[in-house]
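Heads up, final04.cif below (mmCIF, C-alpha atoms):
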data_model
loop_
_atom_site.label_atom_id
_atom_site.label_comp_id
_atom_site.auth_asym_id
_atom_site.auth_seq_id
_atom_site.Cartn_x
_atom_site.Cartn_y
_atom_site.Cartn_z
CA MET A 1 0.00 0.00 0.00
CA ASP A 2 1.44 3.38 -1.06
CA PHE A 3 0.67 6.15 1.45
CA THR A 4 2.24 8.88 -0.67
CA ASP A 5 -0.19 11.39 -2.17
CA THR A 6 -0.59 11.27 -5.92
CA PRO A 7 -0.04 14.63 -7.64
CA GLU A 8 -3.83 15.13 -7.72
CA GLU A 9 -4.16 14.26 -4.02
CA ALA A 10 -1.27 16.56 -3.11
CA ALA A 11 -2.97 19.41 -4.94
CA PHE A 12 -6.23 18.72 -3.14
CA ARG A 13 -4.43 18.60 0.23
CA ALA A 14 -2.87 22.00 -0.47
CA GLU A 15 -6.31 23.36 -1.36
CA VAL A 16 -7.80 22.03 1.88
CA ARG A 17 -4.95 23.42 3.99
CA ALA A 18 -5.39 26.87 2.48
CA TRP A 19 -9.15 26.84 3.08
CA LEU A 20 -8.81 25.66 6.69
CA ALA A 21 -6.13 28.26 7.42
CA THR A 22 -8.51 30.98 6.24
CA ASN A 23 -11.75 29.67 7.72
CA GLY A 24 -10.81 27.54 10.74
CA GLN A 25 -9.17 27.90 14.13
CA ARG A 26 -6.21 25.66 14.89
CA ARG A 27 -6.15 23.87 18.23
CA SER A 28 -3.98 25.59 20.80
CA ARG A 29 -3.56 22.32 22.72
CA PRO A 30 -4.28 18.67 21.83
CA ASP A 31 -7.12 18.28 24.36
CA GLU A 32 -8.95 21.48 23.40
CA ILE A 33 -12.66 20.83 22.73
CA PHE A 34 -14.92 22.73 20.38
CA GLY A 35 -17.39 25.01 22.13
CA GLU A 36 -15.69 25.20 25.54
CA GLY A 37 -17.37 27.90 27.60
CA LEU A 38 -20.51 27.99 25.44
CA ASP A 39 -23.94 26.83 26.59
CA ASP A 40 -25.70 24.08 24.61
CA GLY A 41 -27.64 26.48 22.40
CA ALA A 42 -24.61 28.57 21.46
CA ARG A 43 -22.49 25.46 20.84
CA LEU A 44 -25.14 24.01 18.52
CA ALA A 45 -25.46 27.30 16.62
CA ALA A 46 -21.68 27.49 16.17
CA ALA A 47 -21.61 23.89 14.93
CA LYS A 48 -24.35 24.60 12.38
CA ALA A 49 -22.48 27.67 11.16
CA TRP A 50 -19.30 25.62 10.62
CA GLN A 51 -21.22 22.90 8.78
CA ALA A 52 -22.82 25.50 6.51
CA ARG A 53 -19.39 26.96 5.72
CA LYS A 54 -18.04 23.51 4.85
CA ALA A 55 -21.03 22.78 2.63
CA ALA A 56 -20.67 26.06 0.76
CA ALA A 57 -17.02 25.22 0.05
CA GLY A 58 -17.82 21.68 -1.10
CA TYR A 59 -16.28 19.87 1.88
CA ALA A 60 -19.40 18.64 3.72
CA ALA A 61 -19.68 15.39 1.75
CA ILE A 62 -16.77 15.22 -0.65
CA ALA A 63 -17.44 11.72 -2.03
CA TRP A 64 -21.18 12.26 -2.54
CA PRO A 65 -22.42 12.79 -6.10
CA ARG A 66 -22.99 16.38 -7.18
CA GLU A 67 -26.70 15.82 -7.76
CA ALA A 68 -27.05 14.94 -4.07
CA GLY A 69 -25.23 18.07 -2.95
CA GLY A 70 -21.76 16.57 -2.67
CA ARG A 71 -18.52 17.39 -4.44
CA GLY A 72 -18.36 14.29 -6.63
CA GLY A 73 -14.89 13.56 -5.28
CA THR A 74 -13.14 10.39 -4.18
CA ALA A 75 -13.03 8.51 -0.90
CA MET A 76 -9.35 9.40 -0.53
CA GLN A 77 -10.13 13.10 -0.88
CA GLN A 78 -12.57 12.70 2.01
CA VAL A 79 -9.82 11.05 4.06
CA ILE A 80 -7.37 13.84 3.20
CA TYR A 81 -9.85 16.48 4.35
CA GLN A 82 -10.44 14.65 7.64
CA GLN A 83 -6.70 14.34 8.23
CA GLU A 84 -6.17 18.07 7.74
CA GLU A 85 -9.27 19.13 9.69
CA ALA A 86 -8.10 17.10 12.73
CA ALA A 87 -5.64 19.89 13.58
CA TYR A 88 -8.48 22.41 13.86
CA LEU A 89 -11.09 23.16 16.50
CA VAL A 90 -14.25 21.78 14.91
CA PRO A 91 -17.54 20.39 16.28
CA GLY A 92 -17.72 16.70 17.11
CA MET A 93 -20.62 14.28 17.73
CA ILE A 94 -23.20 16.59 16.15
CA PHE A 95 -23.24 15.91 12.40
CA GLU A 96 -21.48 12.52 12.33
CA ILE A 97 -24.73 10.54 12.31
CA SER A 98 -26.36 12.90 9.80
CA ILE A 99 -23.53 12.73 7.28
CA GLY A 100 -22.29 9.22 8.03
CA MET A 101 -25.52 7.27 8.50
CA GLY A 102 -28.85 9.09 8.28
CA LEU A 103 -28.48 11.02 5.05
CA PRO A 104 -26.63 8.21 3.17
CA THR A 105 -29.60 5.97 3.99
CA VAL A 106 -31.97 8.60 2.63
CA MET A 107 -29.79 8.96 -0.48
CA MET A 108 -29.81 5.19 -1.06
CA TRP A 109 -33.43 4.33 -0.28
CA ALA A 110 -35.73 7.37 -0.35
CA ALA A 111 -37.99 8.44 -3.17
CA PRO A 112 -36.59 11.25 -5.40
CA GLU A 113 -38.80 13.93 -3.85
CA LEU A 114 -37.54 13.03 -0.36
CA LYS A 115 -33.93 13.19 -1.51
CA ALA A 116 -34.59 16.64 -2.90
CA ARG A 117 -36.26 17.64 0.37
CA PHE A 118 -33.68 16.34 2.88
CA LEU A 119 -30.18 15.92 1.43
CA ARG A 120 -29.08 19.50 0.82
CA PRO A 121 -30.52 20.97 4.06
CA GLY A 122 -28.85 18.14 5.99
CA LEU A 123 -25.47 18.73 4.38
CA ALA A 124 -25.75 22.47 5.01
CA GLY A 125 -26.33 21.94 8.73
CA GLU A 126 -29.89 23.25 8.67
CA GLU A 127 -31.23 19.91 9.95
CA ILE A 128 -29.61 17.26 12.14
CA TRP A 129 -30.37 13.53 12.07
CA CYS A 130 -30.27 10.66 14.54
CA GLN A 131 -30.71 6.90 14.28
CA LEU A 132 -33.46 5.04 16.16
CA PHE A 133 -32.63 1.32 16.10
CA SER A 134 -31.78 0.02 19.60
CA GLU A 135 -34.50 -0.76 22.14
CA PRO A 136 -34.45 -2.01 25.76
CA GLY A 137 -35.03 -5.56 24.48
CA ALA A 138 -33.29 -5.21 21.11
CA GLY A 139 -29.76 -3.93 21.45
CA SER A 140 -27.26 -6.31 19.90
CA ASP A 141 -30.13 -8.33 18.41
CA THR A 142 -31.59 -5.63 16.18
CA GLY A 143 -33.97 -8.13 14.62
CA ALA A 144 -35.89 -8.25 17.92
CA VAL A 145 -37.29 -4.72 17.48
CA ARG A 146 -40.79 -4.40 19.00
CA THR A 147 -41.69 -0.81 18.16
CA ARG A 148 -44.96 -1.22 16.21
CA ALA A 149 -45.86 0.31 12.87
CA VAL A 150 -49.53 -0.09 11.94
CA ARG A 151 -50.81 1.04 8.55
CA ASP A 152 -53.65 3.58 8.65
CA GLY A 153 -54.55 4.63 5.12
CA ASP A 154 -51.69 6.70 3.73
CA ASP A 155 -50.03 6.92 7.16
CA TRP A 156 -48.36 4.65 9.69
CA ILE A 157 -49.05 4.82 13.43
CA ILE A 158 -45.90 4.20 15.51
CA ASN A 159 -45.80 3.07 19.16
CA GLY A 160 -42.73 1.93 21.09
CA GLN A 161 -39.49 2.92 22.78
CA LYS A 162 -35.93 3.45 21.57
CA VAL A 163 -32.81 3.84 23.71
CA TRP A 164 -29.17 4.96 23.39
CA THR A 165 -30.16 7.37 20.63
CA SER A 166 -27.21 9.73 20.23
CA GLY A 167 -28.13 13.40 19.85
CA ALA A 168 -31.90 12.87 19.83
CA HIS A 169 -32.33 15.88 22.14
CA PHE A 170 -31.14 18.29 19.45
CA CYS A 171 -32.05 16.41 16.25
CA ASP A 172 -34.72 17.36 13.74
CA TYR A 173 -35.21 14.02 11.99
CA GLY A 174 -34.29 10.38 12.49
CA ILE A 175 -34.31 7.07 10.67
CA LEU A 176 -36.59 4.69 12.55
CA LEU A 177 -36.75 0.88 12.42
CA ALA A 178 -40.15 -0.56 13.38
CA ARG A 179 -42.04 -3.84 13.12
CA SER A 180 -44.78 -3.71 10.52
CA ASP A 181 -45.62 -7.43 10.34
CA TRP A 182 -45.66 -9.70 13.40
CA ASP A 183 -46.42 -12.87 11.41
CA LYS A 184 -43.13 -12.89 9.49
CA PRO A 185 -39.74 -14.00 10.89
CA LYS A 186 -38.11 -11.26 12.90
CA GLN A 187 -35.76 -9.89 10.22
CA GLU A 188 -38.48 -10.02 7.55
CA GLY A 189 -41.19 -8.02 9.31
CA LEU A 190 -39.31 -4.72 9.72
CA THR A 191 -39.78 -1.43 7.87
CA MET A 192 -37.64 1.73 7.94
CA PHE A 193 -39.09 5.24 8.16
CA ILE A 194 -38.08 8.88 8.43
CA VAL A 195 -39.50 10.34 11.64
CA ASP A 196 -39.89 14.01 12.52
CA MET A 197 -38.34 14.31 15.99
CA LYS A 198 -40.57 17.31 16.72
CA ALA A 199 -43.78 15.48 15.80
CA ALA A 200 -46.62 14.99 18.28
CA GLY A 201 -46.08 11.86 20.38
CA VAL A 202 -42.26 11.92 20.27
CA GLU A 203 -40.74 12.32 23.75
CA VAL A 204 -36.96 12.50 24.29
CA ARG A 205 -35.38 11.87 27.70
CA PRO A 206 -31.59 12.38 28.05
CA ILE A 207 -29.54 9.67 29.76
CA HIS A 208 -26.95 11.13 32.12
CA GLN A 209 -23.60 9.33 31.83
CA MET A 210 -20.92 8.82 34.47
CA SER A 211 -18.67 11.18 32.49
CA GLY A 212 -21.09 14.01 33.30
CA GLU A 213 -22.38 14.22 29.75
CA ALA A 214 -25.79 13.38 28.31
CA GLU A 215 -25.09 12.39 24.70
CA PHE A 216 -27.57 9.49 24.64
CA ASN A 217 -31.34 9.45 25.02
CA GLU A 218 -34.43 7.37 25.50
CA VAL A 219 -37.09 8.11 22.90
CA PHE A 220 -40.74 7.27 23.52
CA LEU A 221 -43.14 7.12 20.55
CA THR A 222 -46.85 7.30 21.30
CA ASP A 223 -49.29 7.22 18.37
CA VAL A 224 -46.77 9.02 16.18
CA ARG A 225 -48.17 9.47 12.68
CA ILE A 226 -45.72 9.04 9.77
CA PRO A 227 -46.80 9.45 6.11
CA ASP A 228 -46.14 6.42 3.93
CA ARG A 229 -44.08 8.64 1.62
CA TYR A 230 -41.56 8.84 4.50
CA ARG A 231 -40.93 5.10 4.23
CA LEU A 232 -37.35 4.11 3.28
CA GLY A 233 -37.24 1.07 1.04
CA PRO A 234 -40.08 -1.44 0.57
CA GLU A 235 -42.55 -2.43 3.26
CA CYS A 236 -40.99 -5.24 5.33
CA GLY A 237 -37.65 -4.49 3.68
CA GLY A 238 -36.25 -2.62 6.68
CA TRP A 239 -33.63 -5.26 7.53
CA LYS A 240 -31.75 -4.69 4.29
CA VAL A 241 -32.02 -0.92 4.71
CA MET A 242 -30.74 -1.21 8.28
CA LEU A 243 -27.73 -3.29 7.22
CA SER A 244 -26.69 -0.64 4.71
CA THR A 245 -26.77 1.91 7.54
CA LEU A 246 -24.81 -0.24 9.98
CA MET A 247 -21.97 -0.79 7.53
CA GLN A 248 -21.52 2.98 7.40
CA GLU A 249 -21.77 3.18 11.21
CA ARG A 250 -19.09 0.56 11.84
CA LEU A 251 -16.67 2.34 9.53
CA SER A 252 -17.21 5.65 11.32
CA VAL A 253 -17.08 4.14 14.84
CA GLY A 254 -14.09 1.95 14.04
CA GLY A 255 -12.16 4.93 12.75
CA ASN A 256 -12.89 7.01 15.81
CA LEU A 257 -9.58 6.34 17.60
CA PRO A 258 -7.55 9.54 18.10
CA THR A 259 -4.08 9.39 16.60
CA ASP A 260 -2.31 11.42 19.30
CA LEU A 261 -3.09 9.40 22.43
CA HIS A 262 0.55 8.34 22.88
CA GLU A 263 1.48 12.05 22.98
CA HIS A 264 -0.96 12.59 25.84
CA LEU A 265 0.56 9.62 27.67
CA ILE A 266 4.08 10.99 27.22
CA ALA A 267 3.06 14.40 28.61
CA LEU A 268 1.34 12.84 31.64
CA ALA A 269 4.22 10.40 32.27
CA ARG A 270 6.63 13.35 32.39
CA LYS A 271 4.36 15.20 34.78
CA CYS A 272 3.73 12.30 37.21
CA GLU A 273 6.36 11.58 39.84
CA TRP A 274 6.52 8.16 41.46
CA GLU A 275 7.70 7.66 45.01
CA ARG A 276 10.06 4.95 46.27
CA GLY A 277 8.59 1.50 45.88
CA ALA A 278 7.68 1.99 42.26
CA TRP A 279 11.31 1.61 41.22
CA ASP A 280 13.70 -1.31 41.16
CA SER A 281 16.56 0.82 42.54
CA GLY A 282 16.91 1.94 46.14
CA ASP A 283 16.72 5.62 45.22
CA SER A 284 14.04 7.19 47.43
CA ALA A 285 13.67 10.48 45.52
CA PRO A 286 10.51 10.88 43.42
CA ARG A 287 11.21 10.54 39.71
CA PRO A 288 9.13 11.15 36.56
CA ALA A 289 7.19 8.05 35.54
CA ILE A 290 8.55 8.37 31.99
CA GLU A 291 11.92 7.12 33.29
CA ASP A 292 10.42 3.70 34.06
CA GLU A 293 10.99 1.28 31.19
CA ARG A 294 7.61 -0.36 31.85
CA VAL A 295 5.87 2.97 31.31
CA ARG A 296 7.78 3.57 28.10
CA ALA A 297 6.79 0.08 26.91
CA ARG A 298 3.12 0.80 27.57
CA ILE A 299 3.37 4.07 25.65
CA ALA A 300 4.99 2.21 22.76
CA ASP A 301 2.14 -0.31 22.85
CA ALA A 302 -0.37 2.56 22.67
CA TYR A 303 1.36 3.95 19.60
CA LEU A 304 1.37 0.55 17.90
CA GLN A 305 -2.33 0.05 18.65
CA GLN A 306 -3.15 3.43 17.12
CA HIS A 307 -1.02 2.74 14.06
CA GLY A 308 -2.55 -0.70 13.62
CA VAL A 309 -6.04 0.80 13.58
CA GLU A 310 -4.91 3.36 11.01
CA LEU A 311 -3.63 0.57 8.76
CA LEU A 312 -6.86 -1.40 9.08
CA ILE A 313 -8.86 1.69 8.15
CA ALA A 314 -6.54 2.33 5.22
CA ARG A 315 -7.20 -1.21 4.01
CA GLY A 316 -10.94 -0.62 4.07
CA LEU A 317 -10.57 2.75 2.36
CA THR A 318 -8.46 1.16 -0.34
CA ALA A 319 -11.35 -1.16 -1.15
CA VAL A 320 -13.76 1.78 -1.25
CA SER A 321 -11.42 3.80 -3.49
CA LYS A 322 -11.43 0.88 -5.97
CA GLY A 323 -15.21 0.81 -6.10
CA ARG A 324 -15.72 -2.12 -3.74
CA PRO A 325 -18.13 -1.85 -0.78
CA PRO A 326 -16.72 -1.83 2.77
CA GLY A 327 -16.77 -5.45 3.95
CA PRO A 328 -17.07 -7.29 7.27
CA GLU A 329 -13.33 -6.74 7.84
CA LEU A 330 -14.32 -3.32 9.20
CA SER A 331 -15.68 -5.16 12.23
CA ILE A 332 -12.07 -6.03 13.08
CA THR A 333 -11.22 -2.32 13.09
CA LYS A 334 -14.02 -1.55 15.49
CA LEU A 335 -13.02 -4.42 17.80
CA VAL A 336 -9.38 -3.32 17.97
CA ALA A 337 -10.15 0.38 18.29
CA GLY A 338 -12.72 -0.05 21.09
CA LYS A 339 -10.42 -2.13 23.29
CA ALA A 340 -7.38 0.06 22.54
CA LEU A 341 -9.26 3.20 23.53
CA GLN A 342 -10.28 1.71 26.87
CA ASP A 343 -6.82 0.27 27.63
CA ILE A 344 -4.97 3.50 26.81
CA ALA A 345 -7.33 5.68 28.83
CA ALA A 346 -7.13 3.31 31.82
CA PHE A 347 -3.32 3.40 31.72
CA ALA A 348 -3.37 7.21 31.72
CA VAL A 349 -5.44 7.18 34.91
CA GLU A 350 -3.13 4.56 36.46
CA LEU A 351 -0.12 6.83 35.92
CA ALA A 352 -1.31 9.08 38.74
CA GLY A 353 -1.91 6.17 41.12
CA ALA A 354 -4.78 6.67 43.56
CA GLU A 355 -4.85 10.38 42.72
CA GLY A 356 -5.86 9.48 39.18
CA LEU A 357 -9.41 8.99 40.46
CA ILE A 358 -9.61 12.58 41.68
CA GLY A 359 -11.55 14.81 39.31
CA HIS A 360 -9.53 16.93 36.91
CA GLN A 361 -11.01 20.03 38.54
CA ALA A 362 -8.81 19.28 41.58
CA LEU A 363 -6.04 17.26 39.93
CA GLY A 364 -5.35 19.73 37.12
CA GLY A 365 -6.56 20.55 33.63
CA ASP A 366 -3.91 18.28 32.07
CA TRP A 367 -6.00 15.31 33.19
CA ARG A 368 -9.33 16.47 31.79
CA TYR A 369 -9.04 14.83 28.38
CA MET A 370 -7.87 11.41 29.53
CA GLN A 371 -10.28 11.21 32.45
CA ARG A 372 -13.18 12.03 30.15
CA LEU A 373 -11.93 9.40 27.71
CA TRP A 374 -11.63 6.82 30.49
CA LEU A 375 -15.23 7.39 31.60
CA SER A 376 -16.67 7.29 28.10
CA SER A 377 -14.50 4.58 26.51
CA PRO A 378 -16.60 1.56 27.64
CA GLY A 379 -19.32 2.81 25.32
CA ALA A 380 -17.00 2.36 22.34
CA ARG A 381 -17.23 -1.41 22.89
CA ILE A 382 -21.04 -1.31 22.78
CA GLY A 383 -22.07 1.32 20.24
CA GLY A 384 -22.06 0.13 16.63
CA GLY A 385 -22.22 -3.52 17.73
CA THR A 386 -20.91 -5.15 20.89
CA ASP A 387 -17.61 -7.04 20.94
CA GLU A 388 -19.48 -10.35 21.02
CA ILE A 389 -21.63 -9.55 17.99
CA LEU A 390 -18.66 -8.33 15.98
CA LYS A 391 -16.62 -11.42 16.85
CA ASN A 392 -19.43 -13.52 15.40
CA VAL A 393 -19.33 -11.39 12.24
CA VAL A 394 -15.58 -11.86 11.92
CA ALA A 395 -15.81 -15.60 12.63
CA GLU A 396 -18.57 -16.28 10.12
CA ARG A 397 -17.98 -13.75 7.34
CA VAL A 398 -14.20 -13.26 7.46
CA LEU A 399 -12.83 -16.57 8.72
CA GLY A 400 -15.59 -18.71 7.22
CA LEU A 401 -16.33 -20.60 10.44
CA PRO A 402 -19.68 -22.37 10.93
CA GLY A 403 -22.47 -19.99 11.83
CA GLU A 404 -24.07 -19.82 15.24
CA ILE A 405 -27.15 -22.04 15.55
CA ARG A 406 -30.24 -19.82 15.33
CA THR A 407 -33.50 -21.63 16.02
CA ASP A 408 -35.63 -18.50 15.62
CA ARG A 409 -34.66 -17.62 12.06
CA LYS A 410 -37.81 -18.97 10.36
CA LEU A 411 -40.36 -18.56 13.16
CA PRO A 412 -43.00 -15.81 13.03
CA PHE A 413 -42.02 -13.03 15.41
CA ARG A 414 -45.40 -13.31 17.13
CA GLU A 415 -44.32 -16.72 18.47
CA LEU A 416 -41.09 -15.25 19.89
CA GLU A 417 -42.60 -12.13 21.43
CA ARG A 418 -42.85 -11.80 25.20
CA GLY A 419 -43.52 -8.97 27.62
CA PRO A 420 -45.93 -6.03 27.98
CA GLN A 421 -45.50 -4.81 24.38
CA ALA A 422 -46.58 -8.10 22.85
CA ALA A 423 -48.53 -7.75 19.62
CA PRO A 424 -52.31 -8.22 19.69
CA ALA A 425 -53.65 -11.63 18.77
CA GLN A 426 -55.20 -10.33 15.53
CA GLY A 427 -53.85 -8.04 12.85
CA HIS A 428 -50.42 -6.56 12.33
#

Rendering of file as structure tokens:
Amino acid sequence: MDFTDTPEEAAFRAEVRAWLATNGQRRSRPDEIFGEGLDDGARLAAAKAWQARKAAAGYAAIAWPREAGGRGGTAMQQVIYQQEEAAYLVPGMIFEISIGMGLPTVMMWAAPELKARFLRPGLAGEEIWCQLFSEPGAGSDTGAVRTRAVRDGDDWIINGQKVWTSGAHFCDYGILLARSDWDKPKQEGLTMFIVDMKAAGVEVRPIHQMSGEAEFNEVFLTDVRIPDRYRLGPECGGWKVMLSTLMQERLSVGGNLPTDLHEHLIALARKCEWERGAWDSGDSAPRPAIEDERVRARIADAYLQQHGVELLIARGLTAVSKGRPPGPELSITKLVAGKALQDIAAFAVELAGAEGLIGHQALGGDWRYMQRLWLSSPGARIGGGTDEILKNVVAERVLGLPGEIRTDRKLPFRELERGPQAAPAQGH
């Protein structure tokens, strides 16, 4: 694999650098976060303004076709832009689902009039999208969705509950997976819809995380009316639509490992001083942790983990650049990245010993980034498919091992359903 830019890629990189230098703000420190000091409303407005500026310059969706509002560029041009933008203070976790999952699903499956209605406003940051798949009883097993969709003339009536919906509290629209036929096997009775998150009957409740943030939400749907024209794909074809979305999600989640974590570890290891007992020598004077060969080895491991993830992503992008779809190998990327993120963040906290559990407000601002990462990193091994689910994908679709025995594959979902949301005895 040749990592050197072609002449065309080098020219595009120079173009991107010039635009970012004029329009963006470089990070003053590696752990600086977009919107620090702003309230939620101001941060969201600033993020929308940045997205609109990117869209006007043709950088919001570089690889999308021009008729959809994109630049008509290549996958590698998109990668080059992301590499250059990483040095700048830009919003995160606001438009990722819109651009990476929601809008591509609309582009692939919606009727032409819906594409014309939603794609350009979404790219320009005027509207933000979320993804409503997971439920309390259907997390890793997406086929067990129980949210009900009942046809009522030209509309559908939706009742149910979703959970772990990122950004639902500030989103305008979402892609919703619901069960439209209870007499078909579980994967065959699902239909995908576009749902207006401001519609009557949609209630969003933020979930407060141990990191102090509230990025995820519960979403309750009570007699929500969705026009049939907002259906994505054929009726009872939602499983195939959902799979196309998840392949995009696993690429974006798997590639979400910062490339400078070893630099954070080096800075903290120089700052921390270890007392006698941590060293093999009899010297009693405190010394920087970076002088311990075991610490240096762990930092080297962190660097290798990061670089390995980068190479796996590059392999997937190479396939995309040659016109091939991203394959199940991307599940390996997500597996490696999720565990690496958690291990590296835990080691950073361990560097400070018992004091590492003291909040950064008292311990010092240098610890803010890694402590936040440590508290949020377990979610990286759940979102986008748990470790166990992805290992099954790798085993069956990459290694060619025998598939897991599934006795429910051909049974009508009505025979599998249990609990208070069970379908009525008659009808769909």

* Report as a PyMOL selection string the full result of the PyMOL selection byres ((chain A and resi 384-391) around 8) when it is applied to this structure. => chain A and resi 140+246+249-250+253+331-332+335+380-383+392-395

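Of note, atom CA of His264 of chain A and atom CA of Ala42 of chain A are spaced 28.9 Å apart.
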
* To do: Using the chain letters and residue numbers of this document, give as JSON, numbers by chain the residues selected by the PyMOL selection byres ((chain A and resi 199-203) around 10).
  => {"A": [158, 159, 161, 168, 169, 172, 173, 195, 196, 197, 198, 204, 205, 217, 218, 219, 220, 221, 222, 223, 224, 225, 226]}

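Reported to one decimal place, the separation of atom CA of Leu265 of chain A from atom CA of Val309 of chain A is 17.9 Å.
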
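Put simply, atom CA of Arg315 of chain A is 27.0 Å away from atom CA of Leu123 of chain A.
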
* Asked: A:Glu67, A:Asp292, A:Gln83, A:Leu132: which is nearest Leu119 of chain A, counting only C-alpha atoms?
  -> A:Glu67

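Listed by chain and then by number, the residues chosen by the PyMOL selection byres ((chain A and resi 149) around 7) in this file are Thr147, Arg148, Val150, Arg151, Trp156, Ile157, Ile158, Asn159, Ala178, Arg179 and Ser180 of chain A.
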
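Among the candidate residues A:Arg298, A:Leu114, A:His307, A:Glu127, the one lying nearest to Asp228 of chain A is A:Leu114, with distances computed using all atoms listed in the file.
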
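In terms of minimum interatomic distance to Glu126 of chain A, A:Ala52 ranks closest within A:Ala348, A:Ala52, A:Leu38, A:Cys236, counting only C-alpha atoms.
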
List every residue of segment 114-138 of chain A that has an atom at most 8 Å from any atom of segment 94-99 of chain A, giving for each one its closest atom pair and the distance in Å to one decimal, counting only C-alpha atoms, sorted by chain and then by ascending residue number, as CSV.
residue,atom,partner,partner_atom,distance
A:Gly122,CA,A:Ser98,CA,6.9
A:Leu123,CA,A:Ile99,CA,6.9
A:Gly125,CA,A:Phe95,CA,7.7
A:Ile128,CA,A:Ser98,CA,5.9
A:Trp129,CA,A:Ser98,CA,4.7
A:Cys130,CA,A:Ile97,CA,6.0
A:Gln131,CA,A:Ile97,CA,7.3

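Distances here use all atoms listed in the file; by that measure, the residue among A:Trp367, A:Phe193, A:Trp164, A:Trp64 closest to Gly237 of chain A is A:Phe193.
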
* To do: List the neighbours of Leu363 of chain A out to 12 Å using all atoms listed in the file; skip same-chain residues closer than 2 positions along the sequence, and give me the result as a PyMOL selection string.
  => chain A and resi 268+271-272+349+352-361+365-368+371

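Environment of (-5.1, 7.1, 24.0): residues at most 6 Å away, judged by all atoms listed in the file, are Leu261, His262, Leu341, Ile344 and Ala345 of chain A.
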
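Proximity ranking of A:Ile175, A:Arg409, A:Glu235, A:Glu213 relative to Thr105 of chain A places A:Ile175 first, based on all atoms listed in the file.
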
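Polymer residues near (-14.0, 9.6, -3.8): counting only C-alpha atoms with a cut-off of 8 Å, they are A:Ile62, A:Ala63, A:Trp64, A:Gly72, A:Gly73, A:Thr74, A:Ala75, A:Met76, A:Gln77, A:Gln78, A:Ser321.
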
* To do: Measuring atom to atom with only C-alpha atoms, identify which of A:Pro288, A:Gly308, A:Gly69, A:Gly24 is nearest to Ala49 of chain A.
  => A:Gly24

Six-sided padding of 6 Å per side, axis-aligned box over segment 40-55 of chain A, centre and edges in Å, one decimal, as AutoDock Vina command-line options:
--center_x -22.8 --center_y 25.7 --center_z 13.6 --size_x 21.6 --size_y 17.8 --size_z 34.0

Could I get segment 78-100 of chain A from the block written as a PDB file, in the first residue's frame, with C-alpha atoms?
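After the write, out_16.pdb holds the following:
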ATOM      1  CA  GLN A  78     -12.568  12.699   2.008  1.00  0.00           C
ATOM      2  CA  VAL A  79      -9.816  11.052   4.061  1.00  0.00           C
ATOM      3  CA  ILE A  80      -7.365  13.842   3.200  1.00  0.00           C
ATOM      4  CA  TYR A  81      -9.845  16.478   4.350  1.00  0.00           C
ATOM      5  CA  GLN A  82     -10.445  14.650   7.645  1.00  0.00           C
ATOM      6  CA  GLN A  83      -6.697  14.343   8.227  1.00  0.00           C
ATOM      7  CA  GLU A  84      -6.173  18.074   7.739  1.00  0.00           C
ATOM      8  CA  GLU A  85      -9.269  19.133   9.690  1.00  0.00           C
ATOM      9  CA  ALA A  86      -8.103  17.097  12.729  1.00  0.00           C
ATOM     10  CA  ALA A  87      -5.640  19.887  13.579  1.00  0.00           C
ATOM     11  CA  TYR A  88      -8.485  22.410  13.863  1.00  0.00           C
ATOM     12  CA  LEU A  89     -11.089  23.162  16.495  1.00  0.00           C
ATOM     13  CA  VAL A  90     -14.248  21.775  14.908  1.00  0.00           C
ATOM     14  CA  PRO A  91     -17.538  20.385  16.278  1.00  0.00           C
ATOM     15  CA  GLY A  92     -17.724  16.696  17.110  1.00  0.00           C
ATOM     16  CA  MET A  93     -20.621  14.285  17.726  1.00  0.00           C
ATOM     17  CA  ILE A  94     -23.200  16.593  16.150  1.00  0.00           C
ATOM     18  CA  PHE A  95     -23.242  15.910  12.396  1.00  0.00           C
ATOM     19  CA  GLU A  96     -21.476  12.520  12.332  1.00  0.00           C
ATOM     20  CA  ILE A  97     -24.729  10.538  12.309  1.00  0.00           C
ATOM     21  CA  SER A  98     -26.355  12.903   9.803  1.00  0.00           C
ATOM     22  CA  ILE A  99     -23.528  12.735   7.282  1.00  0.00           C
ATOM     23  CA  GLY A 100     -22.286   9.216   8.030  1.00  0.00           C
TER      24      GLY A 100
END
